[in-house]
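Heads up, the thing below is written out as structure tokens.
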There are 2 protein chains.
Amino acid sequence: MTVGIIGLGLIGGSLAKAFCREEGNTVLGWDTDSTIVEFAQIAQAIHGPLTDERLGELDLLLLATYPEAVVEHMTRLAPLLSKHTMVIDCAGTKEKVCAGVFPLAERYGFRFLGGHPMAGTHFSGFKYSRADLFDGAPMVIVPPRFDDIRLLDEAKKLLAPVGFGRVSITTAQEHDKRIAFTSQMAHVISNAYIKSPTARNHDGFSAGSYKDLTRVAWLNPAMWAELFLENRENLLFELDTLIRSLEQYREAIQEDDFAALCQLLEEGRRIKEEVDGT
Amino acid sequence: MTVGIIGLGLIGGSLAKAFCREEGNTVLGWDTDSTIVEFAQIAQAIHGPLTDERLGELDLLLLATYPEAVVEHMTRLAPLLSKHTMVIDCAGTKEKVCAGVFPLAERYGFRFLGGHPMAGTHFSGFKYSRADLFDGAPMVIVPPRFDDIRLLDEAKKLLAPVGFGRVSITTAQEHDKRIAFTSQMAHVISNAYIKSPTARNHDGFSAGSYKDLTRVAWLNPAMWAELFLENRENLLFELDTLIRSLEQYREAIQEDDFAALCQLLEEGRRIKEEVDGT
């Protein structure tokens, strides 16, 4: 098949390399930075640049950019796409992207699915991309309708070379709510936690829990700021929930209340066990 | 050498197994639960039970219990110890332990060092103990005086079979301050974060950052509650620092202030880079 990829950063570059693992695929790439396109071609991650002239050849078009750019690109490209092309984006929030692109797909007759591949590293950019980044990783799909089994089957078939593990189907609203908790909050917490003045003296005092908690503090500020603001209400809910929760521990410690503190910790342990097993 | 170990949980059991890796060592163990002592002997983690009669044989006595129990044990054992025995505890906070045991060591003439091996798992108990738990792990030592090089050299020699990586020397105050940040806060945050109602629906939406952040939520409530309350002032400082920091992100998101949010994220990224590299 022929795959077009817009945005050759960590995600787009890894998708390109994943599709290139199969002989029969042709991968065409585009990036705002044209030197990345040249570099990706030299690195054999793509077979050539994705130009407007070649849009009609695509079986699958993947957009691996920030959310706003997905809508901008699709606004321009929608009239140029062939009706047989399936389009899937990979942005980290889905409400605004889907609200922007579903009407375009309806109007111009191509198929669009919101998508969010659940993998990454705290490094960004093409140079960190790898063919196996998504092997076994969860993929979330937001379809325009839930009863179009053929559309979802075709999407799974087209995405098969990427090697995703479980593919979940959900709504844009539900996606953004859950992602505020599992991913965005993890980044806010890690980035906020490292700011304690004590962080500068942690050397020699840090077991695995410190390392785990600070891993994603080194993040891409502009990308995450856009994702956070796209998902404002959900993220504010999670922030308020966490701050209230931390204040309960604070209170128990302040009051030297062993029983209350045990109960708070026991409750967290029980929820972790219910949610993930032990 | 002959090593005595009080408390055969995850830490004590792992220490016992580490010393048993060397042929010439004799390891004697004690636990409040006598079936654990029998089990440890069957598992060849210890050579026999540590009784009052055998205390005089010890080159090294390690206490791997909660902080309060360290002081209680040492209050009873101090008059029975030989002067050549070196005693090191492994409790997760050091101020109260050191304040309680340094005077006993002075009075009865044995050597005591506060200790904190920086390794563990979120599982506790002898059955999770492993000979290699501390291989390459940092070890923190709190000596009664900083100018007694011979004492520190001897401690390093006695602990060599455990396989620690870097050994740091510090004060009890400094230890407790740093550990509130690197370890205790990581446990509070993880345990508080998992309480969001959204946690129940995370399945299929969780990449590495969620997994890392919730790993230690499943903790031993009574042990951590005691450690938190032993280190009350430092932990309250860290909790207040984090809550204030989270509130800054909250404010920027509430105000839809992209520039302020970018700046907050950029600052966290810069500090992470300064503290740990990229």
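Starting from 1 in every chain, residues are counted up; chains themselves are A, B, ... following the order of the structure tokens, and ligands are numbered from 1 as listed.
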Would you mind listing, as number ranges by chain, all residues of chain B that have at least one atom within 6 Å of chain A, where only C-alpha atoms are what counts? B: 118-119, 138, 182, 186, 191-193, 200, 204, 206-207, 209-210, 212-213, 217-218, 221-222, 225, 242, 245, 261-262, 265-266, 268-269, 272, 275
Distance query B:Leu81 at most 12 Å, only C-alpha atoms, self and fewer than 6 positions along chain excluded, as a PDB file with N, CA and C atoms, in the first residue's frame:
```pdb
ATOM      1  N   GLY B   4      24.812 -10.636  62.165  1.00  0.00           N
ATOM      2  CA  GLY B   4      23.476 -10.830  62.725  1.00  0.00           C
ATOM      3  C   GLY B   4      22.507  -9.897  62.022  1.00  0.00           C
ATOM      4  N   THR B  51      20.425 -15.505  68.678  1.00  0.00           N
ATOM      5  CA  THR B  51      19.969 -15.516  70.081  1.00  0.00           C
ATOM      6  C   THR B  51      20.868 -14.587  70.893  1.00  0.00           C
ATOM      7  N   ASP B  52      20.417 -14.226  72.089  1.00  0.00           N
ATOM      8  CA  ASP B  52      21.226 -13.365  72.965  1.00  0.00           C
ATOM      9  C   ASP B  52      22.598 -13.996  73.224  1.00  0.00           C
ATOM     10  N   GLU B  53      22.626 -15.323  73.329  1.00  0.00           N
ATOM     11  CA  GLU B  53      23.880 -16.038  73.623  1.00  0.00           C
ATOM     12  C   GLU B  53      24.918 -15.840  72.511  1.00  0.00           C
ATOM     13  N   ARG B  54      24.445 -15.670  71.295  1.00  0.00           N
ATOM     14  CA  ARG B  54      25.383 -15.585  70.164  1.00  0.00           C
ATOM     15  C   ARG B  54      25.730 -14.141  69.784  1.00  0.00           C
ATOM     16  N   LEU B  55      25.125 -13.174  70.490  1.00  0.00           N
ATOM     17  CA  LEU B  55      25.381 -11.756  70.172  1.00  0.00           C
ATOM     18  C   LEU B  55      26.871 -11.423  70.210  1.00  0.00           C
ATOM     19  N   GLY B  56      27.574 -12.013  71.155  1.00  0.00           N
ATOM     20  CA  GLY B  56      28.991 -11.717  71.354  1.00  0.00           C
ATOM     21  C   GLY B  56      29.860 -12.101  70.172  1.00  0.00           C
ATOM     22  N   GLU B  57      29.371 -13.032  69.327  1.00  0.00           N
ATOM     23  CA  GLU B  57      30.149 -13.504  68.169  1.00  0.00           C
ATOM     24  C   GLU B  57      30.154 -12.526  67.004  1.00  0.00           C
ATOM     25  N   LEU B  58      29.203 -11.563  67.033  1.00  0.00           N
ATOM     26  CA  LEU B  58      28.949 -10.786  65.816  1.00  0.00           C
ATOM     27  C   LEU B  58      30.039  -9.764  65.489  1.00  0.00           C
ATOM     28  N   ASP B  59      30.480  -9.766  64.222  1.00  0.00           N
ATOM     29  CA  ASP B  59      31.318  -8.682  63.716  1.00  0.00           C
ATOM     30  C   ASP B  59      30.428  -7.524  63.282  1.00  0.00           C
ATOM     31  N   LEU B  60      29.244  -7.888  62.799  1.00  0.00           N
ATOM     32  CA  LEU B  60      28.338  -6.876  62.251  1.00  0.00           C
ATOM     33  C   LEU B  60      26.912  -7.239  62.642  1.00  0.00           C
ATOM     34  N   LEU B  61      26.186  -6.259  63.164  1.00  0.00           N
ATOM     35  CA  LEU B  61      24.757  -6.453  63.450  1.00  0.00           C
ATOM     36  C   LEU B  61      23.975  -5.455  62.605  1.00  0.00           C
ATOM     37  N   HIS B  73      14.949  -2.243  69.966  1.00  0.00           N
ATOM     38  CA  HIS B  73      15.889  -3.373  69.958  1.00  0.00           C
ATOM     39  C   HIS B  73      17.228  -2.979  70.574  1.00  0.00           C
ATOM     40  N   MET B  74      17.734  -1.824  70.158  1.00  0.00           N
ATOM     41  CA  MET B  74      19.071  -1.437  70.607  1.00  0.00           C
ATOM     42  C   MET B  74      19.087  -1.100  72.102  1.00  0.00           C
ATOM     43  N   THR B  75      17.983  -0.589  72.610  1.00  0.00           N
ATOM     44  CA  THR B  75      17.901  -0.288  74.048  1.00  0.00           C
ATOM     45  C   THR B  75      18.062  -1.580  74.852  1.00  0.00           C
ATOM     46  N   VAL B  87      27.389  -1.947  64.523  1.00  0.00           N
ATOM     47  CA  VAL B  87      25.939  -2.024  64.349  1.00  0.00           C
ATOM     48  C   VAL B  87      25.528  -0.990  63.291  1.00  0.00           C
ATOM     49  N   LEU B 104      23.541   5.328  73.133  1.00  0.00           N
ATOM     50  CA  LEU B 104      23.708   3.957  73.625  1.00  0.00           C
ATOM     51  C   LEU B 104      25.087   3.417  73.230  1.00  0.00           C
ATOM     52  N   ALA B 105      25.486   3.719  71.972  1.00  0.00           N
ATOM     53  CA  ALA B 105      26.783   3.242  71.479  1.00  0.00           C
ATOM     54  C   ALA B 105      27.917   3.857  72.319  1.00  0.00           C
ATOM     55  N   ARG B 107      27.675   4.979  75.383  1.00  0.00           N
ATOM     56  CA  ARG B 107      27.629   4.491  76.762  1.00  0.00           C
ATOM     57  C   ARG B 107      28.171   3.068  76.898  1.00  0.00           C
ATOM     58  N   TYR B 108      27.801   2.191  75.917  1.00  0.00           N
ATOM     59  CA  TYR B 108      28.186   0.784  76.048  1.00  0.00           C
ATOM     60  C   TYR B 108      29.422   0.422  75.234  1.00  0.00           C
ATOM     61  N   GLY B 109      29.924   1.385  74.461  1.00  0.00           N
ATOM     62  CA  GLY B 109      31.223   1.176  73.815  1.00  0.00           C
ATOM     63  C   GLY B 109      31.218   0.395  72.512  1.00  0.00           C
ATOM     64  N   PHE B 110      30.047   0.180  71.907  1.00  0.00           N
ATOM     65  CA  PHE B 110      30.061  -0.453  70.568  1.00  0.00           C
ATOM     66  C   PHE B 110      29.989   0.646  69.501  1.00  0.00           C
ATOM     67  N   ARG B 111      30.208   0.276  68.230  1.00  0.00           N
ATOM     68  CA  ARG B 111      30.161   1.246  67.144  1.00  0.00           C
ATOM     69  C   ARG B 111      28.791   1.179  66.470  1.00  0.00           C
ATOM     70  N   PHE B 112      28.188   2.337  66.245  1.00  0.00           N
ATOM     71  CA  PHE B 112      26.902   2.374  65.545  1.00  0.00           C
ATOM     72  C   PHE B 112      26.944   3.389  64.408  1.00  0.00           C
TER      73      PHE B 112
END
```
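Of the listed residues (A:Cys90, A:Ala43, A:Ile36, A:Val142), A:Cys90 comes nearest to A:Leu62; the distances count only C-alpha atoms.
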Coordinates-based distance that separates atom CA of B:Glu23 from atom CA of B:Gln41 (Å, one decimal): 15.7 Å
In Å and to one decimal, atom CA of B:Val71 is distant from atom CA of B:Val101 by 6.2 Å
Give me the residues near B:Val97 as a VMD selection string, where near means some atom within 9 Å (using only C-alpha atoms) and where sequence neighbours in that chain fewer than 4 positions away do not count. chain B and resid 67 to 68 70 to 71 89 91 93 101 to 102 114 172
B:Ile6 surroundings by only C-alpha atoms, 9 Å radius, close-in-sequence under 4 positions cut, as a VMD selection string: chain B and resid 12 28 to 32 50 61 to 65 70 73
